[in-house]
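**Q** Questions regarding the structure given below will be posed in turn.
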Amino acid sequence: MQCRKALVTVLVLLSAWRTSNGQFNRICRADRHRVSPPELHVGRVQALKEDTGQEIAIPVVFHIVYNGIGQNITDQQLHAQLQVLNDDYNRKNPDSINTLAAFRPVAANCRISFFIAEKDAAGNPATGVTRTATTHGPFANDDIHFNSRGGHDAWDTRQFLNIWVCNLADGIFGYGSPPGTAEATDGVVIDYRYFGVTDTPPYNKGRTATHEIGHWLGLNHLWGDTGGCTSDDGIEDTPTQFGASTDCDLTRVSCGGLNMVQNYMDQSHDACMNLFTRGQRAVMRNNLFVHRSGVIHDKSLITGVAPEQHQLYVQVLNTNTLVVASTDPSAKICLIDVLGRTIPFTETQASEGARTLTLHGDVKGVCMVVLVQKGRRFVQRVMVD
Ligand SMILES: [Zn+2]
């Protein structure tokens, strides 16, 4: 019965996308929900699997494409954004206590986590973060997905969730592509101003990415494709609402009932949002198993998914001296030059938690600081000059 319900939901969603074939038909809270024609077939939908409750972990590649320093999002912001995603998709978000009593029974832990990829598509060690200085932008027309158009090519979208961070044109906050999108443009794009956690409300708590990944996993907006009370998201436990919410009116009523303005798939302010529902969880997890199975990793096999365990700061003092600070003072550090050769150095304690690395000889250009902490590798590129 459960399986059948989910199947119906998926079919409803597919037909919704098909009717909106190929158009940018909406600007949502600033997100343009790109409704592209998924090449999905009923035959594939029948492969729908029962949700076993497995803890899923998804490898993410961040492509930071910047034109100016402010757009070059820091590693710290990347980790802050990951933390938000891991909180929201596991219902560990501290503001879950604010979920209205009426909706608490349907609030769901989706049991989906995200981690920065540590291997490339060929299985070689990699950082999972690309940084590209560009003269292009603001970005429109999918240019961000291509090296040749000033953006960055996707990593294999069957294996990774690609997230681009850049300056988006036309006031768009971000967009996420539904399952079935052409591989070259599949993934999530977030404007750098709404990425991570900042001090500038109301869209400053990383919920743009939570919302767009919801689209990437096949969720629609609560009001469906067209809005009005005859259109909805095809999910039983999210009430029908007339259209997008814009701020945080928790008493909002439309289409004969209380609206779920705290849902991540509405367009409320970031501080307002705090839940996915059980129905949304079923759709997302089913889409993962059926259409995005290449990104599924068993969370229990991924060490240190929670990014907050790691902090790594590097300061370049001169061509042969770096200061490295990390949250784990016993973590092993190595340095690698641009040709992949190990750079020898002598290590001394600089202060609590920080070490001075005196390199044996001068280094010029890019080098990578690799921190090995509890079996995980964290890499930071630095420019020595
Ligand atoms: Zn949206």
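Here, A, B, ... name the chains of the structure tokens in the order displayed, residue numbers run from 1 inside each chain, and ligands are numbered from 1 in the same displayed order.
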Using DSSP assignments from the backbone, pull out every residue in segment 101-186 of chain A that falls under helix (DSSP H, G or I) and give it to me as a short mmCIF file (atom, residue, chain, number, x, y, z; two decimals) with N, CA and C atoms, in the first residue's frame.

**A**
data_model
loop_
_atom_site.label_atom_id
_atom_site.label_comp_id
_atom_site.auth_asym_id
_atom_site.auth_seq_id
_atom_site.Cartn_x
_atom_site.Cartn_y
_atom_site.Cartn_z
N ALA A 101 2.69 22.75 16.19
CA ALA A 101 2.17 21.49 16.74
C ALA A 101 1.35 20.73 15.70
N ALA A 102 0.60 21.49 14.89
CA ALA A 102 -0.27 20.84 13.89
C ALA A 102 0.52 20.01 12.89
N PHE A 103 1.78 20.37 12.67
CA PHE A 103 2.56 19.69 11.64
C PHE A 103 3.63 18.76 12.19
N ARG A 104 3.80 18.76 13.51
CA ARG A 104 4.85 17.91 14.09
C ARG A 104 4.68 16.42 13.75
N PRO A 105 3.45 15.91 13.74
CA PRO A 105 3.31 14.47 13.47
C PRO A 105 3.81 14.06 12.09
N VAL A 106 3.86 14.98 11.14
CA VAL A 106 4.31 14.57 9.79
C VAL A 106 5.75 15.00 9.52
N ASP A 143 25.27 28.70 -18.62
CA ASP A 143 26.71 28.88 -18.89
C ASP A 143 27.57 28.35 -17.75
N ILE A 144 27.04 28.42 -16.54
CA ILE A 144 27.81 28.02 -15.37
C ILE A 144 28.26 26.56 -15.44
N HIS A 145 27.57 25.75 -16.23
CA HIS A 145 27.87 24.32 -16.27
C HIS A 145 28.98 23.95 -17.25
N ASN A 147 32.98 24.73 -18.84
CA ASN A 147 34.28 25.41 -18.88
C ASN A 147 34.31 26.41 -20.03
N SER A 148 33.79 25.99 -21.17
CA SER A 148 33.91 26.79 -22.39
C SER A 148 33.08 28.07 -22.35
N ARG A 149 32.21 28.19 -21.36
CA ARG A 149 31.36 29.38 -21.27
C ARG A 149 31.62 30.15 -19.97
N ALA A 169 22.44 35.72 -12.57
CA ALA A 169 21.77 36.88 -13.16
C ALA A 169 20.31 36.98 -12.69
N ASP A 170 19.74 38.13 -12.85
CA ASP A 170 18.29 38.36 -12.72
C ASP A 170 17.76 38.14 -11.31
N GLY A 171 18.60 38.29 -10.30
CA GLY A 171 18.10 38.16 -8.93
C GLY A 171 17.71 36.76 -8.53
N GLU A 183 22.67 15.19 -18.37
CA GLU A 183 23.77 15.05 -17.42
C GLU A 183 24.65 16.31 -17.31
N ALA A 184 24.91 16.98 -18.40
CA ALA A 184 25.85 18.11 -18.36
C ALA A 184 25.34 19.24 -17.47
N THR A 185 24.03 19.37 -17.32
CA THR A 185 23.49 20.49 -16.55
C THR A 185 22.76 20.02 -15.30
#

**Q** With only C-alpha atoms as the counted atoms, please give the residues lying no more than 7 Å from Met383 of chain A, apart from itself and same-chain residues fewer than 4 positions off, as a count of residues only.

**A** 3

**Q** Identify which of the residues A:Pro202, A:Pro239, A:Pro178, A:Gly361 lies closest to ligand 1, counting only C-alpha atoms and all ligand atoms when measuring atom-to-atom distances.

**A** A:Pro178

**Q** Can you pull out every residue within 8 Å of Gly176 of chain A, counting only C-alpha atoms, but drop anything in the same chain fewer than 4 positions away, and send it as a list in words?

**A**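 In the requested format, the answer is His33, Arg34, Asp186, Gly187, Val188, Val189, Glu212, Ile213, Gly214, His215 and Trp216 of chain A.
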
**Q** Put those residues in a file: C-alpha atoms, as a short mmCIF file (atom, residue, chain, number, x, y, z; two decimals), in the first residue's frame.

**A**
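Contents of part.cif, as written:
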data_model
loop_
_atom_site.label_atom_id
_atom_site.label_comp_id
_atom_site.auth_asym_id
_atom_site.auth_seq_id
_atom_site.Cartn_x
_atom_site.Cartn_y
_atom_site.Cartn_z
CA HIS A 33 12.71 26.22 -10.46
CA ARG A 34 13.93 24.80 -13.68
CA ASP A 186 22.29 18.26 -13.73
CA GLY A 187 22.78 19.59 -10.21
CA VAL A 188 22.16 22.63 -8.08
CA VAL A 189 23.25 26.23 -8.60
CA GLU A 212 17.16 23.40 -4.31
CA ILE A 213 18.41 19.96 -3.35
CA GLY A 214 14.76 19.14 -2.63
CA HIS A 215 14.10 19.90 -6.32
CA TRP A 216 17.14 17.81 -7.31
#

**Q** Can you tell me how far atom CA of Asn259 of chain A sits from atom CA of Ala271 of chain A, in Å to one decimal?

**A**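 So the answer is 16.6 Å.
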
**Q** For segment 70-83 of chain A, work out the shell of residues within 10 Å, counting only C-alpha atoms and skipping chain neighbours fewer than 2 positions away, then give it as a PyMOL selection string.

**A** chain A and resi 60+62+64-68+85-89+92-93+113-116+129+131-133+165-167+191-193+195-198+205-210+305-313+380

**Q** Suppose we keep N, CA and C atoms; can you now write the selection as a CSV table (one decimal), in the first residue's frame?

**A**
chain,number,residue,atom,x,y,z
A,60,VAL,N,29.3,15.2,-2.5
A,60,VAL,CA,29.0,16.5,-3.2
A,60,VAL,C,30.3,17.1,-3.7
A,62,PHE,N,31.6,20.8,-4.9
A,62,PHE,CA,31.3,22.2,-5.0
A,62,PHE,C,32.2,22.9,-6.1
A,64,ILE,N,33.1,26.4,-7.2
A,64,ILE,CA,33.1,27.8,-6.8
A,64,ILE,C,33.6,28.6,-8.0
A,65,VAL,N,32.7,29.4,-8.7
A,65,VAL,CA,33.2,30.1,-9.9
A,65,VAL,C,33.0,31.6,-9.5
A,66,TYR,N,34.1,32.3,-9.4
A,66,TYR,CA,34.1,33.6,-8.8
A,66,TYR,C,34.7,34.7,-9.7
A,67,ASN,N,34.2,35.9,-9.6
A,67,ASN,CA,34.7,37.0,-10.3
A,67,ASN,C,34.9,38.1,-9.2
A,68,GLY,N,36.0,38.0,-8.5
A,68,GLY,CA,36.2,38.9,-7.4
A,68,GLY,C,36.2,38.1,-6.1
A,85,LEU,N,22.8,21.5,5.6
A,85,LEU,CA,22.1,20.4,4.9
A,85,LEU,C,22.0,19.2,5.7
A,86,ASN,N,23.1,18.8,6.4
A,86,ASN,CA,23.1,17.6,7.2
A,86,ASN,C,22.1,17.7,8.4
A,87,ASP,N,22.0,18.9,8.9
A,87,ASP,CA,21.0,19.2,10.0
A,87,ASP,C,19.5,19.0,9.4
A,88,ASP,N,19.3,19.7,8.3
A,88,ASP,CA,17.9,19.8,7.8
A,88,ASP,C,17.5,18.4,7.3
A,89,TYR,N,18.3,17.7,6.6
A,89,TYR,CA,17.9,16.4,6.0
A,89,TYR,C,17.9,15.3,7.1
A,92,LYS,N,18.0,17.4,12.4
A,92,LYS,CA,18.8,17.8,13.6
A,92,LYS,C,18.9,19.4,13.6
A,93,ASN,N,18.1,20.0,12.8
A,93,ASN,CA,18.2,21.5,12.8
A,93,ASN,C,17.6,22.0,14.2
A,113,SER,N,22.5,12.3,4.3
A,113,SER,CA,23.6,13.2,4.6
A,113,SER,C,24.4,13.5,3.4
A,114,PHE,N,25.3,14.5,3.5
A,114,PHE,CA,26.1,15.0,2.4
A,114,PHE,C,27.5,15.1,2.9
A,115,PHE,N,28.4,14.7,2.0
A,115,PHE,CA,29.9,14.9,2.4
A,115,PHE,C,30.6,15.4,1.1
A,116,ILE,N,31.7,16.1,1.4
A,116,ILE,CA,32.5,16.6,0.2
A,116,ILE,C,33.3,15.4,-0.4
A,129,VAL,N,36.3,20.1,-4.2
A,129,VAL,CA,36.0,21.5,-4.4
A,129,VAL,C,36.8,22.0,-5.5
A,131,ARG,N,37.8,25.5,-7.7
A,131,ARG,CA,37.7,27.0,-7.6
A,131,ARG,C,38.2,27.6,-8.9
A,132,THR,N,37.3,28.4,-9.5
A,132,THR,CA,37.6,28.9,-10.9
A,132,THR,C,37.4,30.4,-10.9
A,133,ALA,N,38.5,31.1,-11.2
A,133,ALA,CA,38.3,32.6,-11.4
A,133,ALA,C,37.8,32.8,-12.8
A,165,VAL,N,28.5,27.4,-7.2
A,165,VAL,CA,28.2,28.7,-6.4
A,165,VAL,C,28.8,29.8,-7.3
A,166,CYS,N,28.0,30.8,-7.6
A,166,CYS,CA,28.4,31.8,-8.5
A,166,CYS,C,27.5,33.0,-8.4
A,167,ASN,N,27.8,34.0,-9.2
A,167,ASN,CA,26.9,35.2,-9.3
A,167,ASN,C,25.8,34.9,-10.3
A,191,ASP,N,23.3,31.2,-5.9
A,191,ASP,CA,24.0,32.5,-5.9
A,191,ASP,C,24.9,32.6,-4.7
A,192,TYR,N,26.1,33.1,-4.8
A,192,TYR,CA,27.0,33.2,-3.7
A,192,TYR,C,26.5,34.0,-2.5
A,193,ARG,N,25.5,34.9,-2.8
A,193,ARG,CA,25.0,35.7,-1.7
A,193,ARG,C,24.1,34.9,-0.7
A,195,PHE,N,24.5,31.5,-0.2
A,195,PHE,CA,25.1,30.3,0.1
A,195,PHE,C,25.8,30.3,1.5
A,196,GLY,N,25.6,29.2,2.2
A,196,GLY,CA,26.2,29.1,3.6
A,196,GLY,C,25.4,30.0,4.6
A,197,VAL,N,26.0,30.3,5.7
A,197,VAL,CA,25.3,31.1,6.7
A,197,VAL,C,26.0,32.5,6.8
A,198,THR,N,25.1,33.5,6.8
A,198,THR,CA,25.7,34.8,6.8
A,198,THR,C,24.9,35.7,7.9
A,205,LYS,N,20.4,31.6,6.1
A,205,LYS,CA,20.6,30.4,6.9
A,205,LYS,C,20.9,29.1,6.1
A,206,GLY,N,21.2,29.3,4.9
A,206,GLY,CA,21.6,28.1,4.1
A,206,GLY,C,20.4,27.3,3.5
A,207,ARG,N,19.2,27.9,3.7
A,207,ARG,CA,18.0,27.1,3.3
A,207,ARG,C,17.8,27.2,1.8
A,208,THR,N,18.4,28.1,1.0
A,208,THR,CA,18.3,28.0,-0.4
A,208,THR,C,18.8,26.7,-0.9
A,209,ALA,N,20.0,26.2,-0.4
A,209,ALA,CA,20.5,25.0,-0.8
A,209,ALA,C,19.6,23.8,-0.4
A,210,THR,N,19.1,23.9,0.8
A,210,THR,CA,18.2,22.8,1.3
A,210,THR,C,17.0,22.7,0.3
A,305,VAL,N,31.2,12.1,8.3
A,305,VAL,CA,30.3,12.9,7.5
A,305,VAL,C,30.0,14.3,8.0
A,306,ALA,N,29.9,14.4,9.3
A,306,ALA,CA,29.6,15.7,9.9
A,306,ALA,C,30.8,16.6,9.7
A,307,PRO,N,30.7,17.7,9.0
A,307,PRO,CA,31.8,18.5,8.7
A,307,PRO,C,32.4,19.3,9.9
A,308,GLU,N,31.6,19.4,10.9
A,308,GLU,CA,32.0,20.3,12.0
A,308,GLU,C,33.2,19.8,12.7
A,309,GLN,N,33.5,18.5,12.5
A,309,GLN,CA,34.7,17.9,13.2
A,309,GLN,C,36.0,18.5,12.7
A,310,HIS,N,35.9,19.2,11.6
A,310,HIS,CA,37.2,19.6,11.0
A,310,HIS,C,37.3,21.1,10.8
A,311,GLN,N,38.4,21.7,11.1
A,311,GLN,CA,38.7,23.0,10.8
A,311,GLN,C,40.1,23.1,10.4
A,312,LEU,N,40.4,23.7,9.3
A,312,LEU,CA,41.8,23.8,8.9
A,312,LEU,C,42.1,25.2,8.4
A,313,TYR,N,43.0,25.9,9.0
A,313,TYR,CA,43.3,27.3,8.5
A,313,TYR,C,44.8,27.3,8.1
A,380,GLN,N,43.7,21.7,1.5
A,380,GLN,CA,43.5,23.2,1.2
A,380,GLN,C,44.6,23.6,0.2

**Q** Give me, please, the distance in Å between atom CA of Ile343 of chain A and atom CA of Thr321 of chain A, quoted to one decimal.

**A**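 Going from atom CA of Ile343 of chain A over to atom CA of Thr321 of chain A covers 12.0 Å.
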
**Q** Closest to ligand 1 among A:Ile56, A:Ala117, A:Ile190, A:Leu100, using only C-alpha atoms and all ligand atoms?

**A**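 For ligand 1, the nearest of the given residues is A:Ile190.
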
**Q** DSSP on the backbone, then: every residue of segment 73-270 of chain A marked strand (DSSP E or B), written as number ranges by chain.

**A** A: 107, 112-116, 119, 125, 129-133, 139, 161-166, 168, 174-176, 188-191, 197, 205, 253-254, 257-258, 263

**Q** Write the selection just made, keeping C-alpha atoms, as a PDB file, in the first residue's frame?

**A**
ATOM      1  CA  ALA A 107       7.756  16.157  10.237  1.00  0.00           C
ATOM      2  CA  ILE A 112      20.135  11.725   4.011  1.00  0.00           C
ATOM      3  CA  SER A 113      23.595  13.199   4.626  1.00  0.00           C
ATOM      4  CA  PHE A 114      26.067  14.997   2.395  1.00  0.00           C
ATOM      5  CA  PHE A 115      29.862  14.919   2.370  1.00  0.00           C
ATOM      6  CA  ILE A 116      32.507  16.566   0.232  1.00  0.00           C
ATOM      7  CA  LYS A 119      37.638  10.810  -4.879  1.00  0.00           C
ATOM      8  CA  PRO A 125      41.958  11.130  -4.442  1.00  0.00           C
ATOM      9  CA  VAL A 129      35.981  21.507  -4.352  1.00  0.00           C
ATOM     10  CA  THR A 130      36.895  23.300  -7.565  1.00  0.00           C
ATOM     11  CA  ARG A 131      37.682  26.996  -7.612  1.00  0.00           C
ATOM     12  CA  THR A 132      37.593  28.882 -10.863  1.00  0.00           C
ATOM     13  CA  ALA A 133      38.325  32.557 -11.380  1.00  0.00           C
ATOM     14  CA  PHE A 139      25.466  33.774 -15.102  1.00  0.00           C
ATOM     15  CA  LEU A 161      25.721  15.932  -6.532  1.00  0.00           C
ATOM     16  CA  ASN A 162      27.310  18.934  -8.262  1.00  0.00           C
ATOM     17  CA  ILE A 163      26.701  22.281  -6.559  1.00  0.00           C
ATOM     18  CA  TRP A 164      27.827  25.424  -8.373  1.00  0.00           C
ATOM     19  CA  VAL A 165      28.217  28.671  -6.435  1.00  0.00           C
ATOM     20  CA  CYS A 166      28.415  31.816  -8.543  1.00  0.00           C
ATOM     21  CA  LEU A 168      23.513  34.455 -10.838  1.00  0.00           C
ATOM     22  CA  GLY A 174      19.340  29.335  -7.127  1.00  0.00           C
ATOM     23  CA  TYR A 175      17.868  26.408  -8.993  1.00  0.00           C
ATOM     24  CA  GLY A 176      17.914  22.655  -8.796  1.00  0.00           C
ATOM     25  CA  VAL A 188      22.159  22.632  -8.084  1.00  0.00           C
ATOM     26  CA  VAL A 189      23.246  26.231  -8.602  1.00  0.00           C
ATOM     27  CA  ILE A 190      23.258  28.754  -5.751  1.00  0.00           C
ATOM     28  CA  ASP A 191      23.998  32.454  -5.924  1.00  0.00           C
ATOM     29  CA  VAL A 197      25.328  31.071   6.722  1.00  0.00           C
ATOM     30  CA  LYS A 205      20.641  30.417   6.923  1.00  0.00           C
ATOM     31  CA  VAL A 253      -4.714  30.077   5.545  1.00  0.00           C
ATOM     32  CA  SER A 254      -5.504  29.354   1.893  1.00  0.00           C
ATOM     33  CA  GLY A 257      -6.660  25.089   5.601  1.00  0.00           C
ATOM     34  CA  LEU A 258      -3.585  26.173   7.521  1.00  0.00           C
ATOM     35  CA  ASN A 263       8.237  23.695   4.837  1.00  0.00           C
TER      36      ASN A 263
END

**Q** Would you mind listing what lies within 7 Å of Pro179 of chain A as a list in words, with only C-alpha atoms counted and same-chain residues fewer than 3 positions away left out?

**A**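 My reading of the contact set: Pro38, Trp216, Leu217, Gly218 and His291 of chain A.
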
**Q** For the residues in the current selection, export C-alpha atoms as a PDB file, in the first residue's frame.

**A**
ATOM      1  CA  PRO A  38      12.981  14.332 -17.537  1.00  0.00           C
ATOM      2  CA  TRP A 216      17.135  17.809  -7.306  1.00  0.00           C
ATOM      3  CA  LEU A 217      15.561  14.918  -5.397  1.00  0.00           C
ATOM      4  CA  GLY A 218      12.270  15.394  -7.214  1.00  0.00           C
ATOM      5  CA  HIS A 291      16.913   7.591 -10.574  1.00  0.00           C
TER       6      HIS A 291
END

**Q** Do a neighbour search on Gly228 of chain A at 8 Å with only C-alpha atoms, toss out local chain neighbours closer than 5 positions, and write the hits as a PDB file with N, CA and C atoms, in the first residue's frame.

**A**
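So out.pdb came out as:
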ATOM      1  N   TRP A 223       2.740  24.335  -3.843  1.00  0.00           N
ATOM      2  CA  TRP A 223       1.577  24.755  -4.630  1.00  0.00           C
ATOM      3  C   TRP A 223       1.611  24.164  -6.042  1.00  0.00           C
ATOM      4  N   GLN A 241      -1.831  24.745  -0.933  1.00  0.00           N
ATOM      5  CA  GLN A 241      -1.859  26.188  -0.687  1.00  0.00           C
ATOM      6  C   GLN A 241      -1.902  26.930  -2.006  1.00  0.00           C
ATOM      7  N   PHE A 242      -2.367  28.180  -1.955  1.00  0.00           N
ATOM      8  CA  PHE A 242      -2.688  28.902  -3.189  1.00  0.00           C
ATOM      9  C   PHE A 242      -1.450  29.256  -4.005  1.00  0.00           C
ATOM     10  N   GLY A 243      -0.380  29.555  -3.322  1.00  0.00           N
ATOM     11  CA  GLY A 243       0.856  29.947  -4.003  1.00  0.00           C
ATOM     12  C   GLY A 243       1.955  30.069  -2.970  1.00  0.00           C
ATOM     13  N   CYS A 255      -6.786  27.875   0.492  1.00  0.00           N
ATOM     14  CA  CYS A 255      -7.337  26.601   0.013  1.00  0.00           C
ATOM     15  C   CYS A 255      -7.984  25.800   1.153  1.00  0.00           C
TER      16      CYS A 255
END

**Q** Report, in Å with one decimal, the straight-line distance from atom CA of Met260 of chain A to atom CA of Thr240 of chain A.

**A**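 Separating atom CA of Met260 of chain A from atom CA of Thr240 of chain A is a distance of 8.8 Å.
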
**Q** For ligand 1, which of A:Ile69, A:Val316, A:Ala126, A:Leu219 is the closest residue, counting only C-alpha atoms and all ligand atoms?

**A**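 Using only C-alpha atoms and all ligand atoms, ligand 1 sits closest to A:Leu219.
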